[in-house]
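Raw contents of structure_30.txt, compact mmCIF, C-alpha atoms and all ligand atoms:
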```txt
# COMPACT_ATOMS: atom_id res chain seq x y z
CA MET E 1 34.28 -12.64 -23.26
CA GLU E 2 32.64 -15.16 -21.04
CA PRO E 3 31.75 -18.50 -22.69
CA LYS E 4 28.08 -18.90 -23.53
CA GLU E 5 27.86 -21.99 -21.33
CA CYS E 6 29.05 -20.05 -18.29
CA ARG E 7 26.54 -17.31 -18.88
CA HIS E 8 23.77 -19.85 -19.16
CA ALA E 9 24.98 -21.59 -16.00
CA LYS E 10 24.95 -18.34 -14.02
CA ASP E 11 21.49 -17.59 -15.25
CA LEU E 12 20.31 -20.75 -13.52
CA PHE E 13 21.80 -19.91 -10.12
CA SER E 14 18.69 -18.14 -8.89
CA ASP E 15 16.40 -21.06 -9.72
CA ARG E 16 18.88 -23.50 -8.25
CA LEU E 17 18.90 -21.60 -4.99
CA ASP E 18 15.11 -21.85 -4.89
CA GLY E 19 15.10 -25.52 -5.87
CA GLU E 20 13.10 -24.56 -8.95
CA LEU E 21 15.30 -26.04 -11.70
CA GLU E 22 13.79 -28.45 -14.18
CA SER E 23 15.63 -31.74 -14.42
CA ALA E 24 17.31 -30.98 -17.76
CA GLU E 25 18.57 -27.62 -16.48
CA ALA E 26 19.68 -29.19 -13.22
CA ALA E 27 21.64 -31.85 -15.11
CA PHE E 28 23.30 -29.22 -17.30
CA LEU E 29 24.26 -27.09 -14.31
CA GLU E 30 25.64 -30.00 -12.31
CA GLY E 31 27.74 -31.03 -15.31
CA HIS E 32 29.00 -27.49 -15.88
CA LEU E 33 29.87 -26.80 -12.26
CA GLY E 34 31.76 -30.11 -12.18
CA GLY E 35 34.04 -28.94 -14.97
CA CYS E 36 34.24 -25.14 -14.56
CA GLY E 37 36.11 -23.83 -11.56
CA ASP E 38 35.07 -20.23 -12.20
CA CYS E 39 31.39 -21.01 -12.15
CA ARG E 40 31.78 -23.26 -9.14
CA ALA E 41 33.40 -20.46 -7.17
CA GLU E 42 30.71 -18.07 -8.39
CA TRP E 43 27.98 -20.42 -7.26
CA GLU E 44 29.51 -20.83 -3.83
CA SER E 45 29.68 -17.09 -3.32
CA PHE E 46 26.15 -16.67 -4.71
CA GLU E 47 24.74 -19.25 -2.33
CA LYS E 48 26.60 -17.81 0.64
CA ILE E 49 25.32 -14.29 0.00
CA PHE E 50 21.67 -15.21 -0.31
CA LEU E 51 21.70 -17.60 2.59
CA ALA E 52 23.07 -14.68 4.59
CA VAL E 53 20.30 -12.38 3.30
CA ARG E 54 17.76 -14.83 4.67
CA GLU E 55 19.30 -14.37 8.08
CA LEU E 56 18.58 -10.65 8.17
CA PRO E 57 16.83 -10.16 11.48
CA GLU E 58 13.22 -9.20 11.84
CA ILE E 59 12.65 -5.64 12.95
CA ASP E 60 10.69 -5.03 16.11
CA VAL E 61 7.86 -2.57 16.25
CA SER E 62 8.00 0.20 18.79
CA GLY E 63 6.47 -0.31 22.22
CA SER E 64 3.52 1.98 21.56
CA PHE E 65 2.50 0.23 18.35
CA GLU E 66 -0.57 -1.56 19.71
CA THR E 67 -1.74 1.39 21.76
CA ARG E 68 -1.57 3.68 18.76
CA LEU E 69 -3.36 1.17 16.58
CA ALA E 70 -6.12 0.70 19.14
CA ALA E 71 -6.54 4.46 19.36
CA ARG E 72 -6.84 4.76 15.60
CA ILE E 73 -9.41 2.00 15.44
CA ARG E 74 -11.43 3.57 18.24
CA LEU E 75 -11.36 6.92 16.46
CA GLU E 76 -12.44 5.28 13.24
CA GLU E 77 -15.28 3.48 14.97
CA LYS E 78 -16.39 6.71 16.56
CA GLY E 79 -16.43 8.33 13.14
CA ARG E 80 -18.37 5.44 11.71
CA ARG E 81 -21.04 5.56 14.39
CA ARG E 82 -21.55 9.23 13.69
CA GLY E 83 -21.47 8.41 10.01
CA SER E 84 -24.13 9.56 7.60
CA TRP E 85 -24.85 9.13 3.96
CA TRP E 86 -22.09 11.62 3.38
CA THR E 87 -19.40 9.57 5.07
CA ASP E 88 -20.68 6.44 3.37
CA LEU E 89 -20.40 8.12 -0.01
CA ALA E 90 -17.02 9.44 0.91
CA ARG E 91 -15.85 5.85 1.27
CA LEU E 92 -16.42 5.16 -2.41
CA PRO E 93 -13.14 4.61 -4.25
CA LEU E 94 -13.57 7.75 -6.32
CA PRO E 95 -10.81 10.29 -6.40
CA MET E 96 -11.78 12.49 -3.51
CA PRO E 97 -12.32 15.86 -5.20
CA LEU E 98 -14.34 14.22 -7.97
CA GLY E 99 -16.41 12.26 -5.51
CA ALA E 100 -17.06 15.30 -3.40
CA ALA E 101 -18.00 17.36 -6.41
CA ALA E 102 -20.40 14.65 -7.55
CA ILE E 103 -21.99 14.50 -4.13
CA VAL E 104 -22.44 18.24 -3.97
CA LEU E 105 -23.93 18.32 -7.45
CA PHE E 106 -26.30 15.59 -6.44
CA ALA E 107 -27.29 17.55 -3.37
CA VAL E 108 -27.84 20.63 -5.48
CA PHE E 109 -29.99 18.65 -7.84
CA ALA E 110 -31.99 17.13 -5.05
CA PHE E 111 -32.43 20.47 -3.34
CA ASN E 112 -33.59 22.14 -6.48
CA ARG E 113 -35.92 19.36 -7.37
CA TYR E 114 -37.62 18.91 -4.08
CA SER E 115 -37.59 22.33 -2.49
CA GLY E 116 -40.98 23.94 -2.78
CA GLU E 117 -39.75 27.37 -3.80
CA ASN E 118 -38.54 26.10 -7.13
CA PRO E 119 -41.27 24.61 -9.23
CA GLY E 120 -40.97 23.79 -12.86
CA ASN E 121 -38.01 23.21 -15.04
CA GLU E 122 -35.24 25.13 -13.30
CA GLY E 123 -34.17 22.08 -11.41
CA SER E 124 -33.64 20.05 -14.52
CA ILE E 125 -31.80 22.89 -16.20
CA ALA E 126 -29.49 23.24 -13.28
CA ALA E 127 -28.90 19.53 -13.25
CA GLY E 128 -28.37 19.45 -16.99
CA GLU E 129 -25.85 22.20 -16.67
CA SER E 130 -24.04 20.27 -14.04
CA HIS E 131 -23.64 17.37 -16.46
CA THR E 132 -22.25 19.40 -19.31
CA ALA E 133 -20.14 21.97 -17.54
CA PRO E 134 -16.80 20.93 -16.12
CA ALA E 135 -17.96 22.36 -12.84
CA THR E 136 -15.45 22.43 -10.10
CA ASP E 137 -17.39 24.49 -7.64
CA VAL E 138 -20.95 25.11 -6.83
CA ALA E 139 -22.31 28.50 -5.92
CA ARG E 140 -25.68 29.76 -5.05
CA VAL E 141 -26.91 32.41 -7.40
CA GLU E 142 -29.20 35.07 -6.10
CA ASN E 143 -31.01 37.19 -8.66
CA THR E 144 -28.25 36.82 -11.16
CA ARG E 145 -28.11 34.72 -14.25
CA PRO E 146 -24.88 33.34 -15.62
CA SER E 147 -24.56 34.16 -19.30
CA PHE E 148 -24.23 30.59 -20.47
CA LEU E 149 -27.78 29.76 -19.44
CA PRO E 150 -30.60 30.26 -21.90
CA ASP E 151 -32.91 33.22 -21.38
CA GLY E 152 -35.46 32.68 -18.72
CA ALA E 153 -33.82 29.65 -17.36
CA VAL E 154 -33.23 31.15 -13.98
CA ARG E 155 -35.76 33.35 -12.37
CA GLY E 156 -35.60 35.03 -9.06
CA ALA E 157 -33.95 33.97 -5.89
CA GLY E 158 -33.41 30.52 -4.59
CA ASN E 159 -32.00 28.96 -7.71
CA VAL E 160 -28.89 26.92 -7.36
CA VAL E 161 -26.84 26.29 -10.42
CA ALA E 162 -23.47 24.85 -11.13
CA LEU E 163 -21.01 27.53 -12.13
CA ARG E 164 -17.80 27.02 -13.93
CA TYR E 165 -14.97 27.82 -11.58
CA GLY E 166 -17.21 29.88 -9.36
CA PRO E 167 -16.09 30.66 -5.85
CA PRO E 168 -17.05 28.04 -3.30
CA ARG E 169 -19.95 29.38 -1.32
CA PRO E 170 -21.54 26.46 0.45
CA ARG E 171 -25.05 26.64 1.80
CA ALA E 172 -25.78 25.49 5.26
CA ASP E 173 -28.97 23.72 4.24
CA LEU E 174 -27.19 21.68 1.57
CA HIS E 175 -25.24 20.01 4.29
CA ALA E 176 -27.94 19.74 6.86
CA ASN E 177 -27.81 15.95 6.72
CA SER E 178 -24.09 15.72 6.91
CA ARG E 179 -22.39 15.75 10.23
CA SER E 180 -18.99 15.33 8.65
CA HIS E 181 -19.20 18.55 6.79
CA ARG E 182 -20.00 21.70 8.68
CA PRO E 183 -21.50 24.73 7.04
CA GLY E 184 -18.71 27.10 6.24
CA ASP E 185 -16.22 24.40 5.28
CA PRO E 186 -15.05 24.71 1.71
CA VAL E 187 -17.16 22.58 -0.61
CA GLY E 188 -15.39 19.72 -2.27
CA VAL E 189 -13.00 18.97 0.55
CA PRO E 190 -14.46 16.88 3.33
CA LEU E 191 -12.47 18.19 6.21
CA GLU E 192 -13.66 15.70 8.69
CA GLY E 193 -13.95 12.45 6.84
CA PRO E 194 -14.28 8.98 8.27
CA TYR E 195 -10.54 8.87 8.82
CA PRO E 196 -9.11 11.21 11.37
CA ARG E 197 -6.60 13.48 9.75
CA GLY E 198 -3.33 14.26 11.30
CA TYR E 199 -3.24 11.00 13.11
CA GLY E 200 0.15 9.75 12.11
CA PHE E 201 -0.68 8.98 8.53
CA ASP E 202 -0.57 12.23 6.69
CA GLY E 203 1.64 10.75 4.01
CA LEU E 204 -1.20 8.86 2.40
CA GLN E 205 -4.12 10.64 0.86
CA ASP E 206 -7.60 9.30 1.33
CA ASP E 207 -8.18 8.61 -2.33
CA THR E 208 -5.00 6.59 -2.76
CA ARG E 209 -5.78 4.69 0.40
CA GLU E 210 -9.21 3.78 -0.78
CA ALA E 211 -8.07 2.97 -4.28
CA ALA E 212 -5.50 0.61 -2.88
CA ILE E 213 -7.81 -1.18 -0.56
CA SER E 214 -10.65 -1.54 -3.00
CA GLY E 215 -8.30 -2.74 -5.69
CA THR E 216 -6.90 -5.26 -3.31
CA VAL E 217 -9.80 -6.67 -1.49
CA ASP E 218 -12.20 -6.87 -4.37
CA THR E 219 -9.84 -8.79 -6.60
CA PHE E 220 -9.22 -11.06 -3.73
CA GLN E 221 -12.82 -11.83 -3.21
CA ALA E 222 -13.26 -12.56 -6.88
CA ARG E 223 -10.66 -15.27 -6.82
CA MET Z 1 -21.90 -14.62 22.73
CA THR Z 2 -18.50 -15.05 24.29
CA GLY Z 3 -19.64 -17.94 26.43
CA GLU Z 4 -20.75 -20.16 23.59
CA ARG Z 5 -17.48 -19.89 21.73
CA ALA Z 6 -15.79 -23.26 21.61
CA ALA Z 7 -13.02 -22.04 19.35
CA GLY Z 8 -10.24 -22.54 21.87
CA PRO Z 9 -7.30 -20.35 22.76
CA VAL Z 10 -6.30 -17.81 20.14
CA ARG Z 11 -2.68 -18.91 20.26
CA GLU Z 12 -3.62 -22.28 18.79
CA ALA Z 13 -5.86 -20.98 16.04
CA THR Z 14 -4.70 -20.58 12.45
CA ASP Z 15 -4.52 -17.08 10.97
CA GLU Z 16 -7.60 -17.83 8.90
CA GLU Z 17 -9.55 -19.06 11.91
CA LEU Z 18 -8.58 -15.92 13.79
CA MET Z 19 -9.85 -13.74 10.99
CA LEU Z 20 -13.17 -15.59 10.94
CA ARG Z 21 -13.41 -15.22 14.69
CA TYR Z 22 -12.73 -11.52 14.35
CA GLN Z 23 -15.59 -11.32 11.88
CA ASN Z 24 -17.69 -12.58 14.77
CA ALA Z 25 -16.47 -9.63 16.81
CA GLU Z 26 -13.94 -11.51 18.91
CA GLU Z 27 -11.45 -8.75 19.63
CA GLU Z 28 -8.87 -11.09 21.06
CA ALA Z 29 -8.53 -12.71 17.65
CA PHE Z 30 -7.48 -9.39 16.13
CA THR Z 31 -5.00 -8.77 18.91
CA GLU Z 32 -3.45 -12.14 18.19
CA LEU Z 33 -3.20 -11.38 14.45
CA VAL Z 34 -1.47 -8.10 15.25
CA ARG Z 35 0.92 -9.94 17.53
CA ARG Z 36 1.72 -12.48 14.82
CA PHE Z 37 2.17 -10.12 11.91
CA LYS Z 38 3.39 -6.79 13.23
CA SER Z 39 7.15 -7.49 13.14
CA ARG Z 40 7.01 -9.43 9.92
CA LEU Z 41 5.16 -6.63 8.19
CA VAL Z 42 7.25 -3.84 9.66
CA SER Z 43 10.38 -5.70 8.54
CA ALA Z 44 9.03 -6.00 5.02
CA ALA Z 45 7.72 -2.43 4.93
CA TYR Z 46 10.97 -1.04 6.30
CA ARG Z 47 12.94 -2.72 3.55
CA VAL Z 48 10.56 -1.49 0.90
CA VAL Z 49 10.15 2.13 2.02
CA GLY Z 50 13.52 2.53 3.70
CA ASP Z 51 12.36 4.47 6.72
CA TYR Z 52 11.42 3.03 10.08
CA ASP Z 53 8.72 5.54 11.02
CA LYS Z 54 7.11 5.30 7.63
CA ALA Z 55 7.28 1.51 7.84
CA GLU Z 56 5.37 1.59 11.12
CA ASP Z 57 2.82 3.94 9.63
CA VAL Z 58 2.41 1.60 6.68
CA VAL Z 59 1.73 -1.32 9.00
CA GLN Z 60 -0.63 0.68 11.21
CA GLU Z 61 -2.59 1.58 8.12
CA THR Z 62 -2.50 -2.05 7.01
CA PHE Z 63 -4.06 -3.29 10.24
CA LEU Z 64 -6.58 -0.50 10.12
CA ARG Z 65 -7.63 -1.69 6.69
CA VAL Z 66 -7.81 -5.26 7.90
CA HIS Z 67 -10.14 -4.05 10.63
CA ARG Z 68 -12.14 -1.91 8.25
CA ASN Z 69 -12.48 -4.65 5.66
CA ALA Z 70 -12.70 -7.63 7.96
CA HIS Z 71 -16.18 -8.45 6.69
CA ARG Z 72 -14.79 -8.74 3.17
CA TYR Z 73 -12.28 -11.42 3.98
CA ARG Z 74 -13.24 -14.85 2.69
CA ASN Z 75 -11.53 -17.99 3.83
CA ILE Z 76 -10.45 -18.85 0.31
CA ALA Z 77 -7.20 -16.95 0.43
CA LYS Z 78 -4.43 -17.40 2.93
CA PHE Z 79 -4.69 -14.63 5.46
CA SER Z 80 -0.97 -13.90 5.16
CA THR Z 81 -1.34 -13.38 1.40
CA TRP Z 82 -4.22 -11.02 2.00
CA ILE Z 83 -2.47 -8.91 4.59
CA TYR Z 84 0.79 -8.79 2.63
CA THR Z 85 -1.16 -7.58 -0.39
CA ILE Z 86 -2.66 -4.76 1.62
CA ALA Z 87 0.68 -3.88 3.21
CA LEU Z 88 2.45 -3.84 -0.15
CA ASN Z 89 -0.21 -1.60 -1.65
CA VAL Z 90 0.09 0.84 1.22
CA ALA Z 91 3.88 0.73 1.03
CA ARG Z 92 3.90 1.40 -2.67
CA ASN Z 93 1.53 4.32 -2.22
CA GLU Z 94 3.89 5.65 0.37
CA LEU Z 95 6.82 5.33 -2.06
CA ARG Z 96 4.85 7.05 -4.77
CA ASN Z 97 3.99 9.93 -2.47
CA THR Z 98 7.57 10.26 -1.29
CA LYS Z 99 8.79 10.26 -4.86
CA ARG Z 100 6.25 12.88 -5.83
CA LYS Z 101 7.36 15.13 -2.99
CA LYS Z 102 10.99 14.51 -3.85
CA LEU Z 103 10.49 15.30 -7.52
CA VAL Z 104 8.75 18.52 -6.62
CA SER Z 105 11.58 19.60 -4.38
CA LEU Z 106 14.16 18.55 -6.98
CA ASP Z 107 12.31 20.48 -9.63
CA ALA Z 108 12.67 23.56 -7.52
CA PHE Z 109 16.43 23.23 -7.93
CA GLY Z 110 16.24 22.27 -11.57
CA ALA Z 111 17.69 18.83 -10.89
CA ALA Z 112 16.44 15.56 -12.33
CA GLY Z 113 15.43 12.72 -10.06
CA ASP Z 114 16.47 9.11 -10.48
CA SER Z 115 13.11 7.54 -11.13
CA ASP Z 116 14.12 4.19 -9.72
CA SER Z 117 15.87 5.02 -6.52
CA ASP Z 118 13.68 6.40 -3.77
CA ARG Z 119 15.98 6.94 -0.86
CA THR Z 120 17.94 10.03 -0.37
CA THR Z 121 20.69 9.34 2.11
CA TRP Z 122 23.13 6.50 2.09
CA ASP Z 123 25.27 5.42 4.90
CA ILE Z 124 27.86 3.50 2.92
CA PRO Z 125 30.49 1.77 4.98
CA ASP Z 126 34.17 1.92 4.20
CA GLU Z 127 35.04 -0.29 1.23
CA SER Z 128 38.22 -1.54 2.83
CA ALA Z 129 36.41 -3.15 5.74
CA ARG Z 130 35.15 -6.29 3.91
CA PRO Z 131 33.29 -8.03 6.72
CA ASP Z 132 32.50 -11.76 6.92
CA LEU Z 133 29.23 -12.98 5.49
CA ASP Z 134 27.55 -13.04 8.84
CA VAL Z 135 24.58 -10.75 9.18
CA GLN Z 136 25.00 -10.64 12.93
CA ASN Z 137 27.82 -8.36 11.87
CA ARG Z 138 26.33 -4.87 11.96
CA GLU Z 139 28.46 -3.62 9.14
CA LEU Z 140 27.35 -6.38 6.81
CA ARG Z 141 23.76 -5.78 7.80
CA SER Z 142 24.00 -2.16 6.84
CA ILE Z 143 25.66 -3.10 3.53
CA PHE Z 144 22.79 -5.46 2.83
CA GLU Z 145 20.08 -3.05 3.90
CA ASN Z 146 21.59 -0.30 1.76
CA ALA Z 147 21.82 -2.58 -1.24
CA ILE Z 148 18.17 -3.59 -0.85
CA GLY Z 149 17.22 0.06 -0.78
CA LYS Z 150 19.17 0.72 -3.96
CA LEU Z 151 17.34 -1.95 -5.93
CA PRO Z 152 14.76 -0.56 -8.30
CA VAL Z 153 11.32 -0.82 -6.70
CA ARG Z 154 10.11 -3.56 -9.04
CA TYR Z 155 13.07 -5.74 -8.02
CA ARG Z 156 13.12 -4.64 -4.41
CA THR Z 157 9.58 -5.79 -3.71
CA VAL Z 158 10.08 -9.35 -4.95
CA PHE Z 159 13.49 -9.51 -3.33
CA VAL Z 160 12.13 -8.52 0.06
CA LEU Z 161 9.19 -10.91 -0.16
CA ARG Z 162 11.29 -13.83 -1.34
CA ASP Z 163 14.75 -13.58 0.18
CA VAL Z 164 14.06 -11.58 3.31
CA GLN Z 165 10.54 -12.78 4.14
CA GLY Z 166 10.86 -16.25 2.65
CA LEU Z 167 7.48 -16.30 0.88
CA SER Z 168 6.84 -18.81 -1.90
CA TYR Z 169 6.76 -17.77 -5.54
CA GLU Z 170 3.09 -18.69 -5.71
CA GLU Z 171 2.29 -16.40 -2.82
CA ILE Z 172 4.37 -13.54 -4.23
CA ALA Z 173 2.70 -13.96 -7.62
CA THR Z 174 -0.70 -13.63 -5.94
CA ILE Z 175 0.34 -10.64 -3.85
CA LEU Z 176 1.84 -8.74 -6.76
CA LYS Z 177 -0.79 -9.97 -9.22
CA MET Z 178 1.73 -11.15 -11.79
CA PRO Z 179 2.58 -14.52 -13.30
CA LYS Z 180 4.94 -16.74 -11.35
CA GLY Z 181 7.36 -16.73 -14.28
CA THR Z 182 7.60 -12.93 -14.12
CA VAL Z 183 8.27 -13.03 -10.40
CA LYS Z 184 11.04 -15.58 -10.91
CA SER Z 185 12.75 -13.66 -13.67
CA ARG Z 186 12.56 -10.44 -11.65
CA MET Z 187 14.01 -12.32 -8.73
CA ASN Z 188 16.86 -13.54 -10.89
CA ARG Z 189 17.66 -9.99 -11.96
CA ALA Z 190 17.15 -8.67 -8.46
CA ARG Z 191 19.74 -11.09 -7.10
CA GLN Z 192 22.21 -10.23 -9.84
CA ARG Z 193 21.73 -6.55 -9.12
CA PHE Z 194 22.04 -7.11 -5.40
CA ARG Z 195 25.35 -8.92 -5.89
CA GLU Z 196 26.70 -6.11 -8.02
CA LEU Z 197 25.71 -3.65 -5.33
CA ILE Z 198 27.40 -5.43 -2.48
CA GLU Z 199 30.42 -6.59 -4.48
CA PRO Z 200 32.61 -3.57 -3.65
CA PHE Z 201 32.07 -4.19 0.05
CA VAL Z 202 31.99 -7.94 0.45
CA GLY Z 203 34.97 -10.12 -0.35
ZN ZN D 1 31.55 -21.72 -16.28
```

Please, can you express the file's structure as structure tokens?
Amino acid sequence: MEPKECRHAKDLFSDRLDGELESAEAAFLEGHLGGCGDCRAEWESFEKIFLAVRELPEIDVSGSFETRLAARIRLEEKGRRRGSWWTDLARLPLPMPLGAAAIVLFAVFAFNRYSGENPGNEGSIAAGESHTAPATDVARVENTRPSFLPDGAVRGAGNVVALRYGPPRPRADLHANSRSHRPGDPVGVPLEGPYPRGYGFDGLQDDTREAAISGTVDTFQAR
Amino acid sequence: MTGERAAGPVREATDEELMLRYQNAEEEAFTELVRRFKSRLVSAAYRVVGDYDKAEDVVQETFLRVHRNAHRYRNIAKFSTWIYTIALNVARNELRNTKRKKLVSLDAFGAAGDSDSDRTTWDIPDESARPDLDVQNRELRSIFENAIGKLPVRYRTVFVLRDVQGLSYEEIATILKMPKGTVKSRMNRARQRFRELIEPFVG
């Protein structure tokens, strides 16, 4: 069993290497190394190893690095210029499916509320439903009434309600303002977001990217 | 706009000045920042994620975020701290994704994954070789690189930032958002672990 003093001495090696020892610790270590051959040898090997680690060479980037970066930035700028409220919302650091679902629900609500064919309270019922139901998809309901709605809540055609787990059947007019989401694309997955997909960074998902950057930059600003 | 700029050549500007100049749409300033940081960041990212292509992707994404968030940068933080923070976040996301994929594929075979070690293949040199402690020696380099990759992620990150990149403890504490004391004690353990890992190969 190693003497306690030796263990304590070795525990200080890392700080000694960094020049971070307090004077009392430094004095103890100097004294111990002066009298303990084992620890002295240990220290010498320790120092040698980590001085060598510092000499690990820098790694060069590949020749096309700048060109590829410039291309990505140009693509991103192009996307931003074409950007709409949809792409702006898509930049929010929400988990992507949740964010998309929220946006679609909002659009549904807005459509219902402001489209002339739908006077009265249906809009608010549809919106209320969208708050309470764990809706994952939105479908347009034509002349049918889902059983979980109260009687008379939905009348006739043109009502849009949130359905639980209904099949995704997007409406062209819901996305009329969005150039990043074409009619016919599945709802909830922005296929053509502000970041070009398939451009060398498929490993990272949009939501984790955004979470990382917003976590980072905002805390930084706050400092 | 360009004519009235009295900022001088980009090569002489500090990182922070370059970033402020880029906020004023001076593209050359960004080019200079890329020139200054690309190798440093790829070196760090490579040693964290353990794969050269992924490391380049991480750094591409990092610069893209710098571009995207340029307007958010304030000259109260060192630019290097800021960009390292972004790069480390991207790199750790990359590790998380790799691990997730790996766990899924391991699950398919009913095997358990080592939650700490993220790399799959190891090119371990012959134990009998025992090279000198000179990292110009390719064999020693590969022993070192392998050992770094075998460190648990929480040790590996501080180890790379401190011993390979030579950042200060203050800077690392800011980047990793943890107290300086925590960084130092992790570093202590990281170095002990690193020594144990290379011990069989280095005399
Ligand atoms: Zn001793």

Surroundings of ligand ZN 1 (chain D) up to 12 Å, based on all atoms listed in the file, as a PyMOL selection string: chain E and resi 1-13+28-43

Would you write out, as CSV, a table of all residues in chain Z that have an atom no more than 6 Å from an atom of chain E, listing for each the closest atom pair and the distance in Å to one decimal, considering all atoms listed in the file and ordering rows by chain and rising residue number?
```
residue,atom,partner,partner_atom,distance
Z:Ser39,CA,E:Asp60,CA,5.2
Z:Ser43,CA,E:Ile59,CA,5.0
Z:Asn89,CA,E:Ala212,CA,5.9
Z:Asp163,CA,E:Arg54,CA,5.5
Z:Val164,CA,E:Arg54,CA,5.1
Z:Asn188,CA,E:Ser14,CA,5.3
```

Two-atom distance - atom CA of Arg74 of chain E, atom CA of Tyr22 of chain Z (Å):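 Calculated distance between atom CA of Arg74 of chain E and atom CA of Tyr22 of chain Z is 15.6 Å.
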
Residue nearest Glu32 of chain Z - candidates Z:Gly149, Z:Gly50, Z:Pro179, Z:Pro9, atoms counted: only C-alpha atoms: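 Counting only C-alpha atoms, the residue closest to Glu32 of chain Z is Z:Pro9.
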
Excluding Gln23 of chain Z and its own-chain neighbours fewer than 3 positions away, which residues fall within 10 Å of it when counting only C-alpha atoms? Please give them as a JSON list (two decimals) with C-alpha atoms, in the frame of the given file.
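To be explicit, this is the file written out as out_25.json:
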```json
[["chain", "number", "residue", "atom", "x", "y", "z"],
["Z", 17, "GLU", "CA", -9.55, -19.06, 11.91],
["Z", 18, "LEU", "CA", -8.58, -15.92, 13.79],
["Z", 19, "MET", "CA", -9.85, -13.74, 10.99],
["Z", 20, "LEU", "CA", -13.17, -15.59, 10.94],
["Z", 26, "GLU", "CA", -13.94, -11.51, 18.91],
["Z", 27, "GLU", "CA", -11.45, -8.75, 19.63],
["Z", 29, "ALA", "CA", -8.53, -12.71, 17.65],
["Z", 30, "PHE", "CA", -7.48, -9.39, 16.13],
["Z", 67, "HIS", "CA", -10.14, -4.05, 10.63],
["Z", 69, "ASN", "CA", -12.48, -4.65, 5.66],
["Z", 70, "ALA", "CA", -12.70, -7.63, 7.96],
["Z", 71, "HIS", "CA", -16.18, -8.45, 6.69],
["Z", 72, "ARG", "CA", -14.79, -8.74, 3.17],
["Z", 73, "TYR", "CA", -12.28, -11.42, 3.98]]
```

Pairwise distance for atom CA of Ala55 of chain Z and atom CA of Ala190 of chain Z, rounded to one decimal in Å: 21.6 Å

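Here atom CA of Val90 of chain Z is placed at a distance of 10.8 Å from atom CA of Phe63 of chain Z.
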
Selected residue, from Z:Gln165, Z:Lys177, Z:Asn75, Z:Arg68, that lies nearest to Arg21 of chain Z when counting all atoms listed in the file: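 Smallest separation from Arg21 of chain Z among the options: Z:Asn75.
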
Shortest interatomic distance to Arg92 of chain Z - which of Z:Asp134, Z:Ile148, Z:Glu139, Z:Val153, counting only C-alpha atoms: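 Once distances to Arg92 of chain Z are computed over only C-alpha atoms, the minimum belongs to Z:Val153.
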
Can you rebuild segment 48-57 of chain E with N, CA, C and O atoms and give it as an mmCIF file, in the frame of the given file?
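What ended up in result_29.cif:
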```cif
data_model
loop_
_atom_site.group_PDB
_atom_site.id
_atom_site.type_symbol
_atom_site.label_atom_id
_atom_site.label_comp_id
_atom_site.auth_asym_id
_atom_site.auth_seq_id
_atom_site.Cartn_x
_atom_site.Cartn_y
_atom_site.Cartn_z
ATOM 1 N N LYS E 48 26.253 -18.361 -0.669
ATOM 2 C CA LYS E 48 26.600 -17.810 0.640
ATOM 3 C C LYS E 48 25.890 -16.473 0.879
ATOM 4 O O LYS E 48 25.331 -16.222 1.942
ATOM 5 N N ILE E 49 25.922 -15.627 -0.139
ATOM 6 C CA ILE E 49 25.320 -14.290 0.000
ATOM 7 C C ILE E 49 23.824 -14.397 0.303
ATOM 8 O O ILE E 49 23.309 -13.782 1.238
ATOM 9 N N PHE E 50 23.129 -15.225 -0.478
ATOM 10 C CA PHE E 50 21.670 -15.210 -0.310
ATOM 11 C C PHE E 50 21.194 -16.038 0.867
ATOM 12 O O PHE E 50 20.100 -15.799 1.383
ATOM 13 N N LEU E 51 22.039 -16.964 1.321
ATOM 14 C CA LEU E 51 21.700 -17.600 2.590
ATOM 15 C C LEU E 51 21.864 -16.578 3.717
ATOM 16 O O LEU E 51 21.077 -16.556 4.665
ATOM 17 N N ALA E 52 22.873 -15.724 3.573
ATOM 18 C CA ALA E 52 23.070 -14.680 4.590
ATOM 19 C C ALA E 52 21.917 -13.679 4.572
ATOM 20 O O ALA E 52 21.467 -13.236 5.635
ATOM 21 N N VAL E 53 21.428 -13.329 3.382
ATOM 22 C CA VAL E 53 20.300 -12.380 3.300
ATOM 23 C C VAL E 53 19.105 -12.928 4.074
ATOM 24 O O VAL E 53 18.398 -12.187 4.761
ATOM 25 N N ARG E 54 18.902 -14.231 3.957
ATOM 26 C CA ARG E 54 17.760 -14.830 4.670
ATOM 27 C C ARG E 54 17.882 -14.725 6.174
ATOM 28 O O ARG E 54 16.899 -14.877 6.889
ATOM 29 N N GLU E 55 19.100 -14.485 6.635
ATOM 30 C CA GLU E 55 19.300 -14.370 8.080
ATOM 31 C C GLU E 55 19.121 -12.942 8.579
ATOM 32 O O GLU E 55 19.296 -12.686 9.774
ATOM 33 N N LEU E 56 18.817 -12.027 7.694
ATOM 34 C CA LEU E 56 18.580 -10.650 8.170
ATOM 35 C C LEU E 56 17.504 -10.683 9.248
ATOM 36 O O LEU E 56 16.457 -11.294 9.060
ATOM 37 N N PRO E 57 17.773 -10.047 10.365
ATOM 38 C CA PRO E 57 16.830 -10.160 11.480
ATOM 39 C C PRO E 57 15.522 -9.419 11.215
ATOM 40 O O PRO E 57 15.477 -8.464 10.443
#
```
